[in-house]
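Contents: one structure, followed by commentary.
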Amino acid sequence: PGQFRNWFYSLLAMSTVLRRAAPFRTLFGYALLFGADGRPMHKSAGNLVEFDEAAERMGVDVMRWMFARARPEDNILFGWEASDIARRELLVLWNVFAFFVTYARLTSWSGPGVAGPEGERERGALDRWIRSRVAGLAAEMRAELSAYDAAGASGRLSAFIDDLSQWYLRRSRRRFHPTAATDERDAAFATLHGVLVAVAGVAAPILPFLAEEIYQVLVAEPGLEAPDSIHLTRWPDADLAADRDLVLEAAMATLRRAVELGRTIRGQAGLRVRQPLARAWLALPGGALAGGLAADDAAQLVDLLAAELNVKAVEVLGDESALVDRRLKVLLPKVGQRLGARVPEVMAAAREGRFVLRPDGTVELAGSTLRADEVEIQAVPRPGTAVGHEEGVVVVLDTVITPALRAEGDARDLARAVQGLRKEAGLALDDRIELWLDLPGSSADGLRPYLDEIGAETLATAVHLDEDGRAAADAGDAAEAQRGRVELSAGPASIALRRSEALG
């Protein structure tokens, strides 16, 4: 209220007297600013946060993000805890940026090239999806900010950052590794570089300093032909519009729903994420992730689904009837009055599975016709499978774990444990190691075929395997070796590693 009564009113009054016109076209403001405890800020209340202190401790972009994420009709509760939440959100973007810079330097990536139309067609579906998403983000944020909806714009930016970090980068991480194929690695770097520059462009009005830092490192410092500052560039939506692919975005959205279903199924079945499974089936209306999706894109997305669900193969079907048994649940509150004396007969037919599903969604049983909203069709898994369904998407997992699959799961657990030990030892990303493994006797034979793969993934120049409990114990000087244990299917395994002087 003080701002309106004093500052803004003074501006309006002076401009009206001096220029016969309003000094601004639009005034955007928030309700009230309170302390973190919900009370007005005041020294006597102990909840006052001085601006200079907040700017120093929180950071001004964090403060701007706190305001941008708030709805203007709501009071803002301003305090240190709220700033920590805002900082954690922004750290996700910063970590993606830091990942890019770290691996670009590690692999000596030379910078983005000029990709012609043929080069664009050769980009993988995942790369083209994130480029389409950032193109959509630029258009959507322009509309939101033009309508003075900072909360809507920042919400879209937050959702995109989550997609970038938790989906694109997580699924692409191996492509940035020094051991990845050069063409694939270059495509990943070029894509992420372009996306980060675009994100800096749309984030600049809300996060001016963070956006400028990203721009300076990725564009200005490498000497690319561009304005000196992100704040001198134009809004990127026109440049990105050609990348928009709504069919691919719709297909990816369906795929991600299937992934969430698969994760839920694994949890319910007690199957750990790193345990490979033989196969999965995905049943979709029409038998496709999206209408009009190119065959090559569909194949890439199915491979992506297989990797995300950790299964060897995925089969896409138009109907799940061959995979599950169907159980009919009659919704008695909806049909009781209408069916009257026929209720017992109808309920018995439903329990015994004596019903027919019609194409229009109705169900015939015991001489009665029930509407789709009067029943619930439940998919019941068959032995050796687990099933989940949501909004027309059905995922079925083959839950039978063979000895070979179990050994592969152990190998992945082992590799992850070694990576954790590397981090604990403070090793650089490109440091080579020497690795010792003491494995439970019953699992050693199954793991032998994976030792080269584990060594390559963990940058081990040598992997020493022993099943009698001596190899890890003989890892060398205790002061140099980093040691740990991991639980495998046959029991605990001991690990020891130390930095190798070999260049690999």
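Naming works like this for the structure tokens: A, B, ... for the chains as they're shown, residue 1 at the start of each chain, ligands 1 onward in shown order.
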Item checked: Near-Asp61 of chain A list (8 Å; only C-alpha atoms; drop same-chain fewer than 6 positions) as JSON, numbers by chain -> {"A": [206, 207, 208, 209, 210]}
Next item on the list: Name all residues at most 10 Å from Ala242 of chain A (count only C-alpha atoms; drop same-chain ones fewer than 6 positions away) and give them as JSON, numbers by chain.
Entry: {"A": [131, 132, 135]}
Grab the residues selected above and save them as a PDB file, in the first residue's frame with N, CA and C atoms.
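And here's selection-v6.pdb as it stands now:
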ATOM      1  N   ARG A 131      14.987 -29.741 -28.775  1.00  0.00           N
ATOM      2  CA  ARG A 131      14.986 -28.511 -29.575  1.00  0.00           C
ATOM      3  C   ARG A 131      13.555 -28.046 -29.832  1.00  0.00           C
ATOM      4  N   SER A 132      12.654 -28.980 -30.059  1.00  0.00           N
ATOM      5  CA  SER A 132      11.251 -28.616 -30.223  1.00  0.00           C
ATOM      6  C   SER A 132      10.683 -28.040 -28.933  1.00  0.00           C
ATOM      7  N   ALA A 135      11.876 -24.513 -28.454  1.00  0.00           N
ATOM      8  CA  ALA A 135      11.172 -23.633 -29.386  1.00  0.00           C
ATOM      9  C   ALA A 135       9.782 -23.301 -28.853  1.00  0.00           C
TER      10      ALA A 135
END
Next item on the list: Identify, on the basis of only C-alpha atoms, every residue whose closest approach to Glu73 of chain A does not exceed 10 Å; exclude the query and any residue fewer than 3 positions from it along the same chain; express the result as a PyMOL selection string.
Entry: chain A and resi 29-32+70+76
Do a neighbour search on Asp243 of chain A at 12 Å with only C-alpha atoms, toss out local chain neighbours closer than 4 positions, and write the hits as a short mmCIF file (atom, residue, chain, number, x, y, z; two decimals) with C-alpha atoms, in the first residue's frame.
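That gives us around_23.cif:
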data_model
loop_
_atom_site.label_atom_id
_atom_site.label_comp_id
_atom_site.auth_asym_id
_atom_site.auth_seq_id
_atom_site.Cartn_x
_atom_site.Cartn_y
_atom_site.Cartn_z
CA PRO A 117 19.01 -29.27 -43.60
CA GLU A 120 19.17 -31.46 -39.02
CA ARG A 121 17.39 -34.53 -40.39
CA ARG A 123 19.77 -35.54 -35.51
CA ALA A 125 14.75 -38.05 -32.03
CA ASP A 127 17.88 -34.16 -29.76
CA ARG A 128 15.06 -32.94 -32.00
CA TRP A 129 12.58 -33.33 -29.14
CA ILE A 130 14.50 -31.04 -26.76
CA ARG A 131 14.99 -28.51 -29.57
CA SER A 132 11.25 -28.62 -30.22
CA ARG A 133 10.56 -28.16 -26.52
CA VAL A 134 12.80 -25.09 -26.26
CA ALA A 135 11.17 -23.63 -29.39
CA GLY A 136 7.79 -24.07 -27.73
CA LEU A 137 9.14 -22.58 -24.51
CA ALA A 138 10.27 -19.42 -26.32
CA ALA A 139 6.86 -18.93 -27.94
CA THR A 191 22.25 -29.74 -29.26
CA GLY A 194 22.02 -24.49 -28.66
CA VAL A 195 19.42 -25.29 -26.02
CA PRO A 236 14.75 -16.40 -29.87
CA ASP A 237 11.28 -17.68 -30.81
CA ALA A 238 11.52 -16.73 -34.49
CA ASP A 239 14.92 -18.41 -34.88
CA VAL A 247 3.96 -34.93 -33.25
CA LEU A 248 7.32 -35.81 -31.71
CA GLU A 249 6.43 -33.93 -28.51
#
Next item on the list: Using backbone DSSP assignments, extract all helix (DSSP H, G or I) residues from segment 145-308 of chain A; output them as a VMD selection string.
Entry: chain A and resid 145 to 146 150 to 176 182 to 203 208 to 220 230 to 232 237 to 243 246 to 269 285 to 287 295 to 308
The selected residues should be written to file as a short mmCIF file (atom, residue, chain, number, x, y, z; two decimals), in the first residue's frame (atoms: C-alpha atoms).
data_model
loop_
_atom_site.label_atom_id
_atom_site.label_comp_id
_atom_site.auth_asym_id
_atom_site.auth_seq_id
_atom_site.Cartn_x
_atom_site.Cartn_y
_atom_site.Cartn_z
CA LEU A 145 5.44 -12.12 -20.48
CA SER A 146 3.49 -10.03 -23.00
CA ALA A 150 5.60 -13.63 -14.73
CA ALA A 151 4.35 -16.59 -12.69
CA GLY A 152 3.15 -18.37 -15.82
CA ALA A 153 6.39 -17.66 -17.69
CA SER A 154 8.62 -18.78 -14.81
CA GLY A 155 6.48 -21.88 -14.33
CA ARG A 156 7.02 -22.89 -17.95
CA LEU A 157 10.74 -22.22 -17.62
CA SER A 158 10.90 -24.34 -14.46
CA ALA A 159 9.08 -27.23 -16.16
CA PHE A 160 11.44 -27.05 -19.13
CA ILE A 161 14.54 -27.05 -16.92
CA ASP A 162 13.21 -30.20 -15.27
CA ASP A 163 12.69 -31.82 -18.69
CA LEU A 164 16.19 -30.79 -19.75
CA SER A 165 17.86 -32.15 -16.62
CA GLN A 166 15.75 -35.15 -15.64
CA TRP A 167 14.96 -36.45 -19.11
CA TYR A 168 17.17 -35.16 -21.91
CA LEU A 169 20.48 -34.97 -20.05
CA ARG A 170 19.88 -38.09 -18.00
CA ARG A 171 19.15 -40.10 -21.14
CA SER A 172 22.06 -38.48 -23.05
CA ARG A 173 24.75 -38.46 -20.37
CA ARG A 174 26.80 -41.30 -21.88
CA ARG A 175 26.89 -39.50 -25.23
CA PHE A 176 29.07 -36.74 -23.73
CA THR A 182 32.63 -38.83 -32.08
CA ASP A 183 29.61 -38.12 -34.32
CA GLU A 184 27.17 -38.93 -31.53
CA ARG A 185 29.13 -36.89 -29.00
CA ASP A 186 29.35 -33.87 -31.32
CA ALA A 187 25.59 -34.00 -31.97
CA ALA A 188 24.89 -34.10 -28.23
CA PHE A 189 27.21 -31.16 -27.53
CA ALA A 190 25.81 -29.08 -30.39
CA THR A 191 22.25 -29.74 -29.26
CA LEU A 192 22.85 -28.94 -25.60
CA HIS A 193 24.86 -25.84 -26.53
CA GLY A 194 22.02 -24.49 -28.66
CA VAL A 195 19.42 -25.29 -26.02
CA LEU A 196 21.40 -23.61 -23.22
CA VAL A 197 21.90 -20.47 -25.30
CA ALA A 198 18.16 -20.40 -26.08
CA VAL A 199 17.31 -20.90 -22.40
CA ALA A 200 19.61 -18.00 -21.52
CA GLY A 201 17.70 -15.89 -24.03
CA VAL A 202 14.26 -16.58 -22.59
CA ALA A 203 15.47 -16.47 -18.98
CA PRO A 208 19.59 -11.47 -15.98
CA PHE A 209 22.86 -12.38 -14.28
CA LEU A 210 22.60 -16.16 -14.61
CA ALA A 211 21.55 -15.78 -18.25
CA GLU A 212 24.47 -13.44 -18.93
CA GLU A 213 26.98 -15.84 -17.37
CA ILE A 214 25.75 -18.72 -19.54
CA TYR A 215 25.85 -16.52 -22.64
CA GLN A 216 29.32 -15.17 -21.95
CA VAL A 217 30.81 -18.66 -21.48
CA LEU A 218 29.02 -20.32 -24.39
CA VAL A 219 28.88 -17.50 -26.94
CA ALA A 220 30.94 -14.41 -26.16
CA ILE A 230 22.50 -11.70 -23.98
CA HIS A 231 20.56 -8.50 -23.27
CA LEU A 232 21.41 -7.19 -26.74
CA ASP A 237 11.28 -17.68 -30.81
CA ALA A 238 11.52 -16.73 -34.49
CA ASP A 239 14.92 -18.41 -34.88
CA LEU A 240 13.67 -21.57 -33.18
CA ALA A 241 10.22 -21.87 -34.78
CA ALA A 242 11.38 -24.29 -37.49
CA ASP A 243 12.45 -26.79 -34.81
CA LEU A 246 4.29 -31.29 -32.13
CA VAL A 247 3.96 -34.93 -33.25
CA LEU A 248 7.32 -35.81 -31.71
CA GLU A 249 6.43 -33.93 -28.51
CA ALA A 250 3.14 -35.82 -28.23
CA ALA A 251 4.90 -39.15 -28.79
CA MET A 252 7.51 -38.35 -26.14
CA ALA A 253 4.78 -37.36 -23.68
CA THR A 254 3.10 -40.75 -24.19
CA LEU A 255 6.43 -42.53 -23.83
CA ARG A 256 7.15 -40.75 -20.55
CA ARG A 257 3.75 -41.80 -19.20
CA ALA A 258 4.68 -45.37 -20.09
CA VAL A 259 8.00 -44.94 -18.27
CA GLU A 260 6.24 -43.73 -15.13
CA LEU A 261 3.91 -46.73 -15.32
CA GLY A 262 6.88 -49.05 -15.73
CA ARG A 263 8.62 -47.57 -12.69
CA THR A 264 5.47 -47.97 -10.64
CA ILE A 265 5.16 -51.59 -11.73
CA ARG A 266 8.78 -52.29 -10.80
CA GLY A 267 8.25 -50.82 -7.36
CA GLN A 268 5.11 -52.84 -6.77
CA ALA A 269 6.82 -56.03 -7.95
CA PRO A 285 -4.81 -46.93 -28.80
CA GLY A 286 -4.05 -47.36 -32.48
CA GLY A 287 -0.81 -49.18 -31.70
CA ALA A 295 8.89 -44.87 -38.46
CA ASP A 296 12.52 -44.07 -37.65
CA ASP A 297 11.47 -41.78 -34.80
CA ALA A 298 9.11 -44.45 -33.48
CA ALA A 299 11.93 -47.01 -33.48
CA GLN A 300 14.24 -44.61 -31.62
CA LEU A 301 11.59 -43.88 -29.01
CA VAL A 302 10.91 -47.58 -28.48
CA ASP A 303 14.65 -48.11 -27.94
CA LEU A 304 14.58 -45.21 -25.48
CA LEU A 305 11.68 -46.83 -23.64
CA ALA A 306 13.55 -50.14 -23.48
CA ALA A 307 16.60 -48.41 -22.00
CA GLU A 308 14.51 -46.46 -19.49
#
Next item on the list: Work out how far apart atom CA of Gly392 of chain A and atom CA of Leu284 of chain A are and give it in Å to one decimal.
Entry: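 Distance reported for this atom pair: 6.4 Å.
The smallest atom-to-atom distance between Ala143 of chain A and any of A:Trp235, A:Leu370, A:Phe99, A:Glu221, using only C-alpha atoms, is found for A:Trp235.
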Next item on the list: as an MDAnalysis selection string, please: all residues of segment 86-314 of chain A that backbone DSSP puts in strand (DSSP E or B).
Entry: chainID A and resid 277:283 311:314
Item checked: Length of the atom CA of Leu339 of chain A to atom CA of Glu376 of chain A vector [Å] -> 16.9 Å
Next item on the list: Show which residues sit within 6 Å of Ser494 of chain A, as a list in words. Count only C-alpha atoms, and ignore same-chain residues fewer than 2 positions away.
Entry: Leu437, Asp438, Gly484 and Arg485 of chain A
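Taking atom CA of Val363 of chain A as the reference point, atom CA of His389 of chain A is found at 19.4 Å.
Omitting Ala36 of chain A and its sequence neighbours fewer than 6 positions away, and counting only C-alpha atoms, the residues within 9 Å are Asn47, Ile76, Leu77, Phe78, Gly79, Trp80, Glu81 and Ala82 of chain A.
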Take the selection from the previous step and output its residues with C-alpha atoms, as a short mmCIF file (atom, residue, chain, number, x, y, z; two decimals), in the first residue's frame.
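Below is the file that was written, again-v7.cif:
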data_model
loop_
_atom_site.label_atom_id
_atom_site.label_comp_id
_atom_site.auth_asym_id
_atom_site.auth_seq_id
_atom_site.Cartn_x
_atom_site.Cartn_y
_atom_site.Cartn_z
CA ASN A 47 11.61 -10.93 10.80
CA ILE A 76 4.85 -13.04 -0.61
CA LEU A 77 6.44 -14.63 2.46
CA PHE A 78 10.04 -13.48 2.15
CA GLY A 79 12.76 -15.26 4.11
CA TRP A 80 15.83 -17.44 4.03
CA GLU A 81 13.99 -20.75 3.74
CA ALA A 82 12.04 -19.53 0.71
#
Identify, on the basis of only C-alpha atoms, every residue whose closest approach to Leu365 of chain A does not exceed 8 Å; exclude the query and any residue fewer than 5 positions from it along the same chain; express the result as a short mmCIF file (atom, residue, chain, number, x, y, z; two decimals) with N, CA and C atoms, in the first residue's frame.
data_model
loop_
_atom_site.label_atom_id
_atom_site.label_comp_id
_atom_site.auth_asym_id
_atom_site.auth_seq_id
_atom_site.Cartn_x
_atom_site.Cartn_y
_atom_site.Cartn_z
N VAL A 346 -26.34 -60.15 -12.41
CA VAL A 346 -25.31 -59.36 -13.09
C VAL A 346 -23.99 -59.44 -12.32
N ALA A 349 -22.34 -62.82 -12.86
CA ALA A 349 -21.74 -62.93 -14.19
C ALA A 349 -20.41 -62.18 -14.25
N ALA A 350 -20.34 -61.02 -13.59
CA ALA A 350 -19.10 -60.25 -13.58
C ALA A 350 -18.00 -61.01 -12.84
N ARG A 354 -18.22 -63.79 -17.21
CA ARG A 354 -19.15 -64.02 -18.32
C ARG A 354 -19.68 -62.67 -18.82
N PHE A 355 -18.84 -61.98 -19.59
CA PHE A 355 -19.26 -60.67 -20.13
C PHE A 355 -18.60 -60.46 -21.48
N VAL A 356 -19.14 -59.54 -22.25
CA VAL A 356 -18.63 -59.21 -23.58
C VAL A 356 -18.44 -57.70 -23.65
#
Next item on the list: Measuring atom to atom with only C-alpha atoms, identify which of A:Glu487, A:Glu390, A:Asp410, A:Asp430 is nearest to His177 of chain A.
Entry: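 When distances to His177 of chain A are compared using only C-alpha atoms, the smallest one comes from A:Asp430.
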